[in-house]
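In what follows, a structure is listed as structure tokens, so that the remarks can point back to it.
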Amino acid sequence: KDMLAKANAPLTKDQEKNLNTLLDKEIKSMSEAFQAKFGQPPSAVAGNRGGRGGQFAGRGGAGPENGRGAEPPAGTEARGGAGRGGFGGQGGFRGAAVADNPMAAEIRRMNEELLGKVTASLKPEQQAVIKKFQNDQIRARGGMDALKLVLQEAGAPPLSAEQTPQIEALYNEQNQARFQLLRESQGQPDPAKLNQLELTTMTKISRLLTPDQRKALLDSMKK
């Protein structure tokens with residue numbers, strides 16, 4: 001609601017009422033599905049405090065395909081919002097403790113599914129605001145999804161069936177190395193080592209890309 005208002009595309013009273021009804025129904029259904037699958041409520045994951053927090057109210061969040069590793073980039077931490085707005089508790093997920101957690105990954109998947117349903121009910125100008133938000137989230141997380149978005153926005157050819165598993169393996173290798181650095185440093189890794197790790201991964205990935213794809217990636221990194 002706050003995001004749309006700031007973009008001069010506010011919700012109407014009728015929209016807000018309909019969205020509240022949608023969220024009440026979908027979050028209850030998703031919570032029950034999560035409980036059945038994992039044997040505990042989503043609010044129990046990573047110390048979340050429960051309720052319908054602001055997963056849609058901020059950027060970031062850590063995930064297994066996070067190309068930057070377990071922590072969101074500086075300035076992009078997920079921020080809890082007031083009232084309804086996301087699934088799985090307040091504030092999203094941050095830090096190495098949940099970065100490779102299947103429950104956290106499932107909550108993020110459910111968040112994205114829920115956001116898709118919310119977006120479908122909005123006006124075109126409101127959908128554009130949400131789409132930009134989603135793309136910002138993808139870029140902040142990094143990893144395969146961010147690379148695919150970079151190629152798409154640049155009009156470069158998409159990743160081939162041969163490229164995809166090779167690049168996924170490199171991101172997984174980077175995440176494992178980052179987790180090791182986090183453990184060894186008790187959560188305070190040397191920024192220079194993290195930057196070198198990311199640069200090494202990007203160099204390896206660039207070698208697997210076509211010239212047009214490589215240009216798109218390098219242009220994005222410069223920005």
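All residue names refer to the structure tokens as shown: chains lettered A, B, ... in order, residues numbered from 1 in each chain, ligands numbered from 1 in order.
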
At a cut-off of 9 Å, using only C-alpha atoms, what residues contact segment 208-210 of chain A? Leave out same-chain residues fewer than 6 positions from it and give the result as a ChimeraX atom specification.
/A:157,159,163,166-167

Counting only C-alpha atoms, what is within 12 Å of Met144 of chain A, bar same-chain residues fewer than 3 positions away, as a VMD selection string?
chain A and resid 63 to 68 138 to 141 147 to 151 158 to 159 163 to 172 202 205 217

Shell around Ile107 of chain A at 9 Å using only C-alpha atoms, local window under 2 positions removed, as a list in words
Met30, Phe34, Pro42, Phe87, Gly88, Pro102, Met103, Ala104, Ala105, Arg109, Met110, Asn111 and Glu112 of chain A

What does the file look like for those residues with C-alpha atoms, as a compact mmCIF listing (two decimals), in the first residue's frame?
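What ended up in again.txt:
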```
# COMPACT_ATOMS: atom_id res chain seq x y z
CA MET A 30 -0.56 -21.30 2.47
CA PHE A 34 3.34 -25.18 4.96
CA PRO A 42 5.98 -20.51 8.86
CA PHE A 87 3.46 -14.54 3.93
CA GLY A 88 5.56 -16.12 6.63
CA PRO A 102 14.31 -25.45 2.34
CA MET A 103 11.62 -23.96 4.58
CA ALA A 104 12.84 -20.44 3.86
CA ALA A 105 12.96 -21.26 0.16
CA ARG A 109 8.18 -19.32 -3.28
CA MET A 110 4.82 -18.84 -1.58
CA ASN A 111 5.49 -15.12 -1.24
CA GLU A 112 6.16 -14.89 -4.95
```

Interatomic distance, atom CA of Gln213 of chain A to atom CA of Ala156 of chain A (Å, one decimal)
5.5 Å

In Å and to one decimal, atom CA of Leu114 of chain A is distant from atom CA of Asp24 of chain A by 11.2 Å
